[in-house]
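Below is upload.cif, which holds mmCIF, C-alpha atoms.
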```cif
data_input
#
loop_
_atom_site.group_PDB
_atom_site.id
_atom_site.type_symbol
_atom_site.label_atom_id
_atom_site.label_comp_id
_atom_site.auth_asym_id
_atom_site.auth_seq_id
_atom_site.Cartn_x
_atom_site.Cartn_y
_atom_site.Cartn_z
ATOM 1 C CA MET V 1 15.469 -75.221 31.283
ATOM 2 C CA GLU V 2 12.695 -77.582 30.299
ATOM 3 C CA ILE V 3 10.147 -78.234 27.597
ATOM 4 C CA THR V 4 6.955 -80.274 27.569
ATOM 5 C CA ALA V 5 6.510 -83.195 25.176
ATOM 6 C CA ARG V 6 3.760 -81.314 23.325
ATOM 7 C CA GLY V 7 5.932 -78.218 23.113
ATOM 8 C CA LEU V 8 8.767 -80.319 21.693
ATOM 9 C CA TRP V 9 6.523 -81.844 19.024
ATOM 10 C CA THR V 10 5.250 -78.391 18.105
ATOM 11 C CA LEU V 11 8.874 -77.281 17.770
ATOM 12 C CA ILE V 12 9.728 -80.293 15.583
ATOM 13 C CA HIS V 13 6.666 -79.628 13.389
ATOM 14 C CA GLY V 14 7.177 -75.879 13.048
ATOM 15 C CA MET V 15 10.920 -75.365 13.177
ATOM 16 C CA GLY V 16 12.254 -78.800 12.255
ATOM 17 C CA PHE V 17 10.040 -79.411 9.242
ATOM 18 C CA GLY V 18 8.179 -76.194 8.401
ATOM 19 C CA ALA V 19 10.883 -73.557 8.776
ATOM 20 C CA LEU V 20 13.494 -75.801 7.180
ATOM 21 C CA TYR V 21 11.149 -76.291 4.223
ATOM 22 C CA LEU V 22 10.716 -72.517 3.849
ATOM 23 C CA LEU V 23 14.487 -72.046 3.864
ATOM 24 C CA ALA V 24 14.933 -74.813 1.298
ATOM 25 C CA CYS V 25 12.364 -73.222 -1.047
ATOM 26 C CA SER V 26 14.560 -70.234 -1.816
ATOM 27 C CA GLY V 27 17.462 -72.524 -2.713
ATOM 28 C CA ALA V 28 15.262 -74.615 -4.997
ATOM 29 C CA LEU V 29 13.914 -71.540 -6.792
ATOM 30 C CA VAL V 30 17.404 -70.150 -7.420
ATOM 31 C CA GLU V 31 18.681 -73.475 -8.720
ATOM 32 C CA LEU V 32 15.651 -74.071 -10.952
ATOM 33 C CA TYR V 33 15.998 -70.595 -12.466
ATOM 34 C CA ARG V 34 19.744 -70.887 -12.917
ATOM 35 C CA ARG V 35 20.211 -74.426 -14.145
ATOM 36 C CA TYR V 36 17.307 -74.903 -16.461
ATOM 37 C CA SER V 37 17.126 -71.460 -18.002
ATOM 38 C CA PRO V 38 17.231 -71.711 -21.831
ATOM 39 C CA GLN V 39 19.677 -68.768 -21.721
ATOM 40 C CA ASN V 40 22.104 -70.771 -19.613
ATOM 41 C CA LEU V 41 24.359 -72.315 -22.254
ATOM 42 C CA ALA V 42 26.741 -73.975 -19.802
ATOM 43 C CA PRO V 43 26.330 -77.765 -19.827
ATOM 44 C CA LEU V 44 24.811 -79.240 -16.690
ATOM 45 C CA VAL V 45 27.209 -81.334 -14.661
ATOM 46 C CA GLN V 46 25.748 -84.733 -13.787
ATOM 47 C CA ASN V 47 26.697 -84.427 -10.091
ATOM 48 C CA GLU V 48 24.934 -81.065 -9.800
ATOM 49 C CA GLU V 49 21.832 -82.486 -11.433
ATOM 50 C CA LYS V 50 21.858 -85.432 -9.034
ATOM 51 C CA PHE V 51 22.212 -83.016 -6.119
ATOM 52 C CA LEU V 52 19.154 -81.016 -7.219
ATOM 53 C CA ARG V 53 17.119 -84.196 -7.566
ATOM 54 C CA ILE V 54 18.026 -85.313 -4.042
ATOM 55 C CA TYR V 55 17.387 -81.755 -2.780
ATOM 56 C CA LEU V 56 13.853 -81.656 -4.224
ATOM 57 C CA VAL V 57 12.996 -85.141 -2.960
ATOM 58 C CA ALA V 58 14.220 -84.104 0.507
ATOM 59 C CA MET V 59 12.044 -80.967 0.269
ATOM 60 C CA ALA V 60 9.011 -83.073 -0.632
ATOM 61 C CA ALA V 61 9.726 -85.354 2.353
ATOM 62 C CA LEU V 62 10.033 -82.295 4.640
ATOM 63 C CA ALA V 63 6.748 -80.854 3.360
ATOM 64 C CA TRP V 64 4.893 -84.123 3.935
ATOM 65 C CA LEU V 65 6.438 -84.539 7.397
ATOM 66 C CA ALA V 66 5.382 -80.976 8.251
ATOM 67 C CA VAL V 67 1.714 -81.421 7.280
ATOM 68 C CA LEU V 68 1.392 -84.962 8.659
ATOM 69 C CA SER V 69 3.011 -84.128 12.013
ATOM 70 C CA GLY V 70 0.860 -81.003 12.168
ATOM 71 C CA ALA V 71 -2.423 -82.736 11.368
ATOM 72 C CA TYR V 72 -1.958 -85.957 13.312
ATOM 73 C CA ILE V 73 0.291 -85.025 16.252
ATOM 74 C CA VAL V 74 -0.021 -81.317 17.099
ATOM 75 C CA TYR V 75 -3.509 -80.437 15.799
ATOM 76 C CA PRO V 76 -5.376 -82.971 18.028
ATOM 77 C CA TRP V 77 -3.819 -81.300 21.085
ATOM 78 C CA TYR V 78 -4.752 -77.883 19.699
ATOM 79 C CA ARG V 79 -8.402 -78.747 19.082
ATOM 80 C CA ALA V 80 -8.972 -80.903 22.173
ATOM 81 C CA ALA V 81 -12.274 -80.126 23.901
ATOM 82 C CA PRO V 82 -12.077 -79.181 27.595
ATOM 83 C CA PRO V 83 -14.396 -80.738 30.184
ATOM 84 C CA PRO V 84 -17.566 -78.629 30.724
ATOM 85 C CA ASP V 85 -16.438 -77.329 34.106
ATOM 86 C CA ALA V 86 -12.894 -76.433 33.038
ATOM 87 C CA ALA V 87 -11.844 -73.089 34.479
ATOM 88 C CA ASN V 88 -8.349 -72.991 33.023
ATOM 89 C CA LEU V 89 -8.194 -73.260 29.214
ATOM 90 C CA ALA V 90 -4.383 -73.159 28.964
ATOM 91 C CA ALA V 91 -4.268 -76.821 27.895
ATOM 92 C CA PHE V 92 -6.936 -76.255 25.210
ATOM 93 C CA PRO V 93 -5.447 -73.704 22.780
ATOM 94 C CA GLN V 94 -8.375 -73.509 20.343
ATOM 95 C CA ARG V 95 -10.881 -72.828 23.121
ATOM 96 C CA LEU V 96 -8.488 -70.382 24.742
ATOM 97 C CA LEU V 97 -8.255 -68.375 21.505
ATOM 98 C CA MET V 98 -12.025 -68.517 20.942
ATOM 99 C CA ALA V 99 -12.715 -67.309 24.489
ATOM 100 C CA SER V 100 -11.603 -63.762 23.734
ATOM 101 C CA PRO V 101 -12.650 -61.485 20.850
ATOM 102 C CA THR V 102 -9.077 -60.150 20.731
ATOM 103 C CA THR V 103 -7.668 -63.599 19.919
ATOM 104 C CA SER V 104 -10.531 -65.504 18.246
ATOM 105 C CA GLY V 105 -9.408 -64.373 14.782
ATOM 106 C CA TRP V 106 -6.195 -66.361 15.179
ATOM 107 C CA HIS V 107 -8.382 -69.458 15.115
ATOM 108 C CA SER V 108 -11.296 -68.464 12.856
ATOM 109 C CA LEU V 109 -9.048 -66.967 10.183
ATOM 110 C CA GLY V 110 -5.529 -68.172 10.989
ATOM 111 C CA MET V 111 -5.974 -71.834 11.872
ATOM 112 C CA GLU V 112 -8.950 -72.321 9.530
ATOM 113 C CA TRP V 113 -6.773 -71.137 6.611
ATOM 114 C CA LYS V 114 -3.525 -72.751 7.765
ATOM 115 C CA GLU V 115 -4.938 -76.231 8.297
ATOM 116 C CA HIS V 116 -5.991 -76.442 4.624
ATOM 117 C CA VAL V 117 -3.640 -74.205 2.649
ATOM 118 C CA ALA V 118 -0.575 -75.940 4.107
ATOM 119 C CA TRP V 119 -1.373 -79.108 2.113
ATOM 120 C CA ILE V 120 -0.867 -77.264 -1.176
ATOM 121 C CA ALA V 121 2.867 -77.103 -0.347
ATOM 122 C CA PRO V 122 3.564 -80.881 -0.406
ATOM 123 C CA ILE V 123 1.317 -81.399 -3.436
ATOM 124 C CA SER V 124 3.179 -78.684 -5.364
ATOM 125 C CA ILE V 125 6.697 -79.687 -4.371
ATOM 126 C CA THR V 126 5.996 -83.383 -5.036
ATOM 127 C CA MET V 127 4.961 -82.413 -8.566
ATOM 128 C CA ALA V 128 8.114 -80.298 -9.001
ATOM 129 C CA ALA V 129 10.367 -83.080 -7.701
ATOM 130 C CA SER V 130 8.668 -85.613 -9.960
ATOM 131 C CA VAL V 131 9.130 -83.461 -13.082
ATOM 132 C CA VAL V 132 12.802 -82.809 -12.303
ATOM 133 C CA LEU V 133 13.344 -86.524 -11.602
ATOM 134 C CA GLN V 134 11.723 -87.482 -14.900
ATOM 135 C CA TYR V 135 13.221 -84.822 -17.176
ATOM 136 C CA GLY V 136 16.478 -83.807 -15.514
ATOM 137 C CA ARG V 137 18.553 -81.638 -17.833
ATOM 138 C CA GLY V 138 15.929 -82.239 -20.537
ATOM 139 C CA LEU V 139 13.837 -79.614 -18.719
ATOM 140 C CA LYS V 140 15.916 -77.008 -20.566
ATOM 141 C CA ASN V 141 14.156 -78.114 -23.734
ATOM 142 C CA HIS V 142 10.685 -77.719 -22.187
ATOM 143 C CA PRO V 143 10.430 -74.042 -21.163
ATOM 144 C CA GLN V 144 6.684 -74.301 -20.456
ATOM 145 C CA LEU V 145 7.233 -77.279 -18.184
ATOM 146 C CA ARG V 146 10.021 -75.407 -16.410
ATOM 147 C CA ALA V 147 7.692 -72.406 -16.004
ATOM 148 C CA ALA V 148 5.013 -74.641 -14.487
ATOM 149 C CA VAL V 149 7.502 -76.126 -12.020
ATOM 150 C CA LEU V 150 8.618 -72.633 -10.976
ATOM 151 C CA VAL V 151 5.015 -71.420 -10.503
ATOM 152 C CA PHE V 152 4.211 -74.433 -8.316
ATOM 153 C CA VAL V 153 7.389 -74.032 -6.242
ATOM 154 C CA TRP V 154 6.552 -70.326 -5.708
ATOM 155 C CA THR V 155 3.041 -71.346 -4.698
ATOM 156 C CA SER V 156 4.346 -73.953 -2.284
ATOM 157 C CA LEU V 157 6.542 -71.246 -0.731
ATOM 158 C CA LEU V 158 3.486 -68.986 -0.378
ATOM 159 C CA ALA V 159 1.329 -71.763 1.109
ATOM 160 C CA ALA V 160 4.060 -72.815 3.537
ATOM 161 C CA GLY V 161 4.677 -69.161 4.418
ATOM 162 C CA VAL V 162 1.007 -68.595 5.278
ATOM 163 C CA ALA V 163 0.952 -71.783 7.354
ATOM 164 C CA GLY V 164 4.232 -70.896 9.069
ATOM 165 C CA PHE V 165 3.170 -67.339 9.899
ATOM 166 C CA PHE V 166 -0.159 -68.353 11.398
ATOM 167 C CA GLY V 167 1.392 -71.339 13.158
ATOM 168 C CA ALA V 168 3.917 -69.082 14.868
ATOM 169 C CA MET V 169 1.325 -66.448 15.816
ATOM 170 C CA ILE V 170 -1.178 -69.017 17.096
ATOM 171 C CA ASN V 171 1.485 -70.712 19.187
ATOM 172 C CA LYS V 172 2.514 -67.311 20.562
ATOM 173 C CA ASN V 173 -1.064 -66.531 21.666
ATOM 174 C CA ALA V 174 -2.066 -70.014 22.805
ATOM 175 C CA PRO V 175 0.888 -72.401 22.974
ATOM 176 C CA VAL V 176 0.358 -76.131 22.678
ATOM 177 C CA GLU V 177 1.730 -77.371 25.976
ATOM 178 C CA GLY V 178 1.357 -80.385 28.210
ATOM 179 C CA GLY V 179 2.485 -83.960 28.592
ATOM 180 C CA PRO V 180 5.684 -85.137 30.245
ATOM 181 C CA VAL V 181 8.253 -82.445 31.033
ATOM 182 C CA ILE V 182 11.690 -82.874 29.480
ATOM 183 C CA HIS V 183 14.534 -81.312 31.452
ATOM 184 C CA ILE V 184 17.152 -79.975 29.034
ATOM 185 C CA VAL V 185 19.622 -78.121 31.222
ATOM 186 C CA GLN V 186 19.769 -77.651 34.970
ATOM 187 C CA GLY V 187 19.878 -73.894 35.631
ATOM 188 C CA GLU V 188 22.137 -72.251 38.191
ATOM 189 C CA GLN V 189 20.588 -71.750 41.619
ATOM 190 C CA LYS V 190 20.716 -68.236 43.154
ATOM 191 C CA MET W 1 30.852 -87.507 -27.288
ATOM 192 C CA ASN W 2 30.546 -91.291 -27.214
ATOM 193 C CA ALA W 3 27.578 -93.210 -28.623
ATOM 194 C CA GLN W 4 25.952 -93.708 -25.208
ATOM 195 C CA ASN W 5 26.054 -89.986 -24.363
ATOM 196 C CA ALA W 6 24.770 -89.096 -27.826
ATOM 197 C CA SER W 7 21.765 -91.396 -27.505
ATOM 198 C CA ALA W 8 21.044 -90.074 -23.971
ATOM 199 C CA SER W 9 21.182 -86.528 -25.314
ATOM 200 C CA VAL W 10 18.742 -87.359 -28.124
ATOM 201 C CA ALA W 11 16.391 -89.023 -25.637
ATOM 202 C CA LEU W 12 16.441 -85.917 -23.451
ATOM 203 C CA THR W 13 15.673 -83.521 -26.258
ATOM 204 C CA THR W 14 12.931 -85.648 -27.755
ATOM 205 C CA ARG W 15 11.172 -86.785 -24.598
ATOM 206 C CA PRO W 16 7.460 -85.931 -24.923
ATOM 207 C CA ASN W 17 6.072 -83.446 -22.419
ATOM 208 C CA GLY W 18 3.041 -85.640 -21.559
ATOM 209 C CA ALA W 19 4.394 -87.092 -18.311
ATOM 210 C CA GLY W 20 5.263 -83.628 -17.041
ATOM 211 C CA ALA W 21 1.921 -82.206 -18.164
ATOM 212 C CA ALA W 22 0.114 -84.998 -16.284
ATOM 213 C CA ALA W 23 1.975 -84.088 -13.069
ATOM 214 C CA VAL W 24 1.257 -80.357 -13.532
ATOM 215 C CA LEU W 25 -2.469 -80.710 -14.231
ATOM 216 C CA ALA W 26 -2.951 -83.294 -11.480
ATOM 217 C CA ALA W 27 -1.295 -80.954 -8.942
ATOM 218 C CA GLY W 28 -3.654 -78.146 -9.970
ATOM 219 C CA ILE W 29 -6.628 -80.474 -9.592
ATOM 220 C CA GLY W 30 -5.291 -81.678 -6.219
ATOM 221 C CA ALA W 31 -5.085 -78.123 -4.859
ATOM 222 C CA PHE W 32 -8.578 -77.325 -6.118
ATOM 223 C CA VAL W 33 -10.320 -80.447 -4.793
ATOM 224 C CA LEU W 34 -8.657 -79.941 -1.419
ATOM 225 C CA ALA W 35 -10.410 -76.580 -1.134
ATOM 226 C CA VAL W 36 -13.701 -77.971 -2.454
ATOM 227 C CA PHE W 37 -13.680 -80.847 0.077
ATOM 228 C CA ALA W 38 -12.877 -78.372 2.863
ATOM 229 C CA ILE W 39 -15.859 -76.182 1.895
ATOM 230 C CA LEU W 40 -18.187 -79.188 1.578
ATOM 231 C CA ALA W 41 -17.176 -80.489 5.016
ATOM 232 C CA ASP W 42 -17.724 -77.034 6.473
ATOM 233 C CA ARG W 43 -21.163 -76.560 4.892
ATOM 234 C CA SER W 44 -22.733 -79.997 5.365
ATOM 235 C CA ALA W 45 -22.965 -81.739 8.730
ATOM 236 C CA ALA W 46 -23.362 -85.114 6.986
ATOM 237 C CA ILE W 47 -20.196 -84.658 4.908
ATOM 238 C CA LYS W 48 -18.358 -83.304 7.949
ATOM 239 C CA SER W 49 -19.240 -86.456 9.840
ATOM 240 C CA LEU W 50 -18.208 -88.659 6.899
ATOM 241 C CA MET W 51 -14.840 -86.901 6.747
ATOM 242 C CA ILE W 52 -13.828 -87.870 10.267
ATOM 243 C CA PHE W 53 -11.336 -90.604 9.400
ATOM 244 C CA SER W 54 -9.356 -89.957 12.563
ATOM 245 C CA LYS W 55 -11.334 -88.761 15.583
ATOM 246 C CA PRO W 56 -8.541 -86.700 17.226
ATOM 247 C CA THR W 57 -7.858 -84.827 13.969
ATOM 248 C CA GLY W 58 -11.527 -84.516 13.002
ATOM 249 C CA PRO W 59 -12.849 -83.699 9.505
ATOM 250 C CA LEU W 60 -9.421 -82.408 8.402
ATOM 251 C CA SER W 61 -8.270 -86.044 8.242
ATOM 252 C CA GLY W 62 -10.936 -87.005 5.699
ATOM 253 C CA VAL W 63 -10.738 -83.777 3.694
ATOM 254 C CA THR W 64 -6.990 -84.100 3.142
ATOM 255 C CA THR W 65 -6.984 -87.882 2.662
ATOM 256 C CA CYS W 66 -9.745 -87.686 0.012
ATOM 257 C CA ALA W 67 -7.973 -84.829 -1.775
ATOM 258 C CA ILE W 68 -4.653 -86.695 -1.801
ATOM 259 C CA VAL W 69 -6.231 -89.936 -3.031
ATOM 260 C CA LEU W 70 -8.063 -88.070 -5.805
ATOM 261 C CA TRP W 71 -4.910 -86.116 -6.762
ATOM 262 C CA LEU W 72 -2.836 -89.319 -6.993
ATOM 263 C CA ALA W 73 -5.576 -91.145 -8.921
ATOM 264 C CA VAL W 74 -5.912 -88.311 -11.455
ATOM 265 C CA TRP W 75 -2.119 -88.150 -11.773
ATOM 266 C CA ALA W 76 -1.889 -91.917 -12.407
ATOM 267 C CA ILE W 77 -4.662 -91.819 -15.038
ATOM 268 C CA LEU W 78 -3.248 -88.787 -16.862
ATOM 269 C CA HIS W 79 0.266 -90.229 -16.715
ATOM 270 C CA ALA W 80 -0.902 -93.501 -18.257
ATOM 271 C CA ARG W 81 -2.678 -91.619 -21.061
ATOM 272 C CA TRP W 82 -0.089 -88.937 -21.808
ATOM 273 C CA ARG W 83 3.349 -90.342 -20.935
ATOM 274 C CA ASN W 84 4.316 -91.113 -24.540
ATOM 275 C CA ARG W 85 2.629 -88.075 -26.084
ATOM 276 C CA SER W 86 3.312 -84.415 -26.536
ATOM 277 C CA VAL W 87 0.371 -82.347 -25.419
ATOM 278 C CA ALA W 88 -0.642 -78.669 -25.678
ATOM 279 C CA LEU W 89 1.177 -77.591 -22.550
ATOM 280 C CA ALA W 90 0.220 -73.907 -22.762
ATOM 281 C CA ARG W 91 -3.445 -74.767 -22.286
ATOM 282 C CA ILE W 92 -2.716 -77.372 -19.623
ATOM 283 C CA ASN W 93 -0.534 -74.906 -17.715
ATOM 284 C CA ALA W 94 -3.278 -72.266 -17.901
ATOM 285 C CA ALA W 95 -5.840 -74.744 -16.533
ATOM 286 C CA ALA W 96 -3.463 -75.958 -13.804
ATOM 287 C CA PHE W 97 -2.557 -72.412 -12.728
ATOM 288 C CA ALA W 98 -6.236 -71.412 -12.637
ATOM 289 C CA LEU W 99 -7.069 -74.445 -10.480
ATOM 290 C CA LEU W 100 -4.091 -73.755 -8.222
ATOM 291 C CA ILE W 101 -5.104 -70.112 -7.699
ATOM 292 C CA LEU W 102 -8.707 -71.158 -7.068
ATOM 293 C CA GLY W 103 -7.451 -73.725 -4.565
ATOM 294 C CA LEU W 104 -5.443 -71.063 -2.735
ATOM 295 C CA LEU W 105 -8.331 -68.581 -2.735
ATOM 296 C CA LEU W 106 -11.003 -71.087 -1.711
ATOM 297 C CA THR W 107 -9.019 -72.178 1.341
ATOM 298 C CA PHE W 108 -9.067 -68.538 2.566
ATOM 299 C CA PRO W 109 -11.946 -68.490 5.116
ATOM 300 C CA PRO W 110 -13.600 -65.168 4.091
ATOM 301 C CA ILE W 111 -13.860 -66.469 0.502
ATOM 302 C CA ALA W 112 -14.823 -70.028 1.496
ATOM 303 C CA ASP W 113 -17.600 -68.579 3.680
ATOM 304 C CA LEU W 114 -19.228 -67.039 0.596
ATOM 305 C CA PHE W 115 -20.430 -70.508 -0.469
#
```

Please express what this file holds, its structure, as structure tokens.
Amino acid sequence: MEITARGLWTLIHGMGFGALYLLACSGALVELYRRYSPQNLAPLVQNEEKFLRIYLVAMAALAWLAVLSGAYIVYPWYRAAPPPDAANLAAFPQRLLMASPTTSGWHSLGMEWKEHVAWIAPISITMAASVVLQYGRGLKNHPQLRAAVLVFVWTSLLAAGVAGFFGAMINKNAPVEGGPVIHIVQGEQK
Amino acid sequence: MNAQNASASVALTTRPNGAGAAAVLAAGIGAFVLAVFAILADRSAAIKSLMIFSKPTGPLSGVTTCAIVLWLAVWAILHARWRNRSVALARINAAAFALLILGLLLTFPPIADLF
């Protein structure tokens, strides 16, 4: 069992940062609804509030790591131009997708949307984390501010979902591969 | 409730919404300018070339860097102006949501290609 260095980085970008961010979004939405609802009369425990602050800051860090690793580590391998006489496009995923009308949409629609919309996720979650850091339990007294935070967290979930879906489908049709091979486990010989 | 908790509670209830409003509006602007920069780089060869901050990443590097710098600059300016004030948050939310939705829509290639 082995994986290439580029494949590993794609895995870290997509599963390590992106998918983990998507999972964390649902938790953040539930907690923001529950804790800061004006109908919730139970006093907020300081430890729980601290936990949510750390949680949102960690989410913002994950979102930034996802877009930065995507744009500056994985994307250059994806968009690399092949030499003019290249017969095998397997190491050039963008050109491989564009070479067939059955797959070109994954680039012209999927990647073109993903590479930009993904950045709305870190912008939105950084705003949400900042507001919760600044207002804490005082957010209960600002229902409009709480509503804005929820809208932006929902939007960041949507943006990250679009990016995640297209990232997975693009990598399924034209995987980013290459670089040194990392041997994970030695398989049994028949 | 001791005196320290009481004063903290008063501070929480009376904190102006300006700092939060600045963050909300700036995020809406950030999402919108990201889409605008992406369209500009796609439509103009000169802007596309200017946006190549990192050659391996191409114009995406400049588009996103410019949008982030502008977003943070707007946030800093609004924060400095509004942090000790209460502002009309309903209107600011409406503007921020409109910009956010426009940002989402304008990054969608079939819509971006209309410009």

Open item on the list: Need the shell around range 105-112 of chain V: protein/DNA/RNA residues with any atom at most 10 Å away, counting only C-alpha atoms. Skip same-chain ones fewer than 6 positions apart. Format as a list of chain:residue names?
Closed with: V:Tyr75, V:Tyr78, V:Pro93, V:Gln94, V:Arg95, V:Leu96, V:Leu97, V:Met98, V:Val162, V:Ala163, V:Phe165, V:Phe166, V:Gly167, V:Met169, V:Ile170, V:Asn171, V:Asn173, V:Ala174, W:Ala38, W:Thr107, W:Phe108, W:Pro109, W:Pro110

Put those residues in a file: C-alpha atoms, as an mmCIF file, keeping the file's coordinate frame.
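This is the output file part_32.cif:
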```cif
data_model
loop_
_atom_site.group_PDB
_atom_site.id
_atom_site.type_symbol
_atom_site.label_atom_id
_atom_site.label_comp_id
_atom_site.auth_asym_id
_atom_site.auth_seq_id
_atom_site.Cartn_x
_atom_site.Cartn_y
_atom_site.Cartn_z
ATOM 1 C CA TYR V 75 -3.509 -80.437 15.799
ATOM 2 C CA TYR V 78 -4.752 -77.883 19.699
ATOM 3 C CA PRO V 93 -5.447 -73.704 22.780
ATOM 4 C CA GLN V 94 -8.375 -73.509 20.343
ATOM 5 C CA ARG V 95 -10.881 -72.828 23.121
ATOM 6 C CA LEU V 96 -8.488 -70.382 24.742
ATOM 7 C CA LEU V 97 -8.255 -68.375 21.505
ATOM 8 C CA MET V 98 -12.025 -68.517 20.942
ATOM 9 C CA VAL V 162 1.007 -68.595 5.278
ATOM 10 C CA ALA V 163 0.952 -71.783 7.354
ATOM 11 C CA PHE V 165 3.170 -67.339 9.899
ATOM 12 C CA PHE V 166 -0.159 -68.353 11.398
ATOM 13 C CA GLY V 167 1.392 -71.339 13.158
ATOM 14 C CA MET V 169 1.325 -66.448 15.816
ATOM 15 C CA ILE V 170 -1.178 -69.017 17.096
ATOM 16 C CA ASN V 171 1.485 -70.712 19.187
ATOM 17 C CA ASN V 173 -1.064 -66.531 21.666
ATOM 18 C CA ALA V 174 -2.066 -70.014 22.805
ATOM 19 C CA ALA W 38 -12.877 -78.372 2.863
ATOM 20 C CA THR W 107 -9.019 -72.178 1.341
ATOM 21 C CA PHE W 108 -9.067 -68.538 2.566
ATOM 22 C CA PRO W 109 -11.946 -68.490 5.116
ATOM 23 C CA PRO W 110 -13.600 -65.168 4.091
#
```

With a cut-off of 6 Å and counting only C-alpha atoms, select all residues of chain V in contact with chain W and give the selection as a PDB file with C-alpha atoms, keeping the file's coordinate frame.
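Writing done, so here's out_38.pdb:
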```
ATOM      1  CA  PRO V  76      -5.376 -82.971  18.028  1.00  0.00           C
ATOM      2  CA  TRP V 113      -6.773 -71.137   6.611  1.00  0.00           C
ATOM      3  CA  VAL V 117      -3.640 -74.205   2.649  1.00  0.00           C
ATOM      4  CA  ILE V 120      -0.867 -77.264  -1.176  1.00  0.00           C
ATOM      5  CA  MET V 127       4.961 -82.413  -8.566  1.00  0.00           C
ATOM      6  CA  VAL V 131       9.130 -83.461 -13.082  1.00  0.00           C
ATOM      7  CA  GLY V 138      15.929 -82.239 -20.537  1.00  0.00           C
TER       8      GLY V 138
END
```

Task: Residues matched by the PyMOL selection byres ((chain V and resi 25-37) around 10) as a ChimeraX atom specification - done: /V:19-24,38-45,48-49,52,55-56,59,125,128,132,136-143,146-147,149-151,153-154,156-158,160

Open item on the list: Applying the PyMOL selection byres ((chain V and resi 4-10) around 10) to the file I just gave you, which residues come out? Please list them as a list in words.
Closed with: Glu2, Ile3, Leu11, Ile12, His13, Gly14, Met15, Gly16, Ser69, Gly70, Ile73, Val74, Tyr75, Trp77, Tyr78, Gly167, Ala168, Asn171, Pro175, Val176, Glu177, Gly178, Gly179, Pro180, Val181, Ile182 and His183 of chain V

- [ ] State, in Å with one decimal place, the distance from CA of Leu62 in chain V to CA of Thr126 in chain V.
- [x] 10.5 Å

Would you compute the box with edges along x, y and z of the file around range 75-80 of chain V, including every atom the file lists for it and 4 Å extra on each side, and give its centre and edge lengths in Å to one decimal, as lines of an AutoDock Vina configuration file?
```
center_x = -6.2
center_y = -80.4
center_z = 19.0
size_x = 13.5
size_y = 13.1
size_z = 14.4
```

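In this model, the gap between CA of Gly62 in chain W and CA of Ile47 in chain W comes to 9.6 Å.
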
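CA of Arg53 in chain V lies 22.8 Å from CA of Trp82 in chain W.
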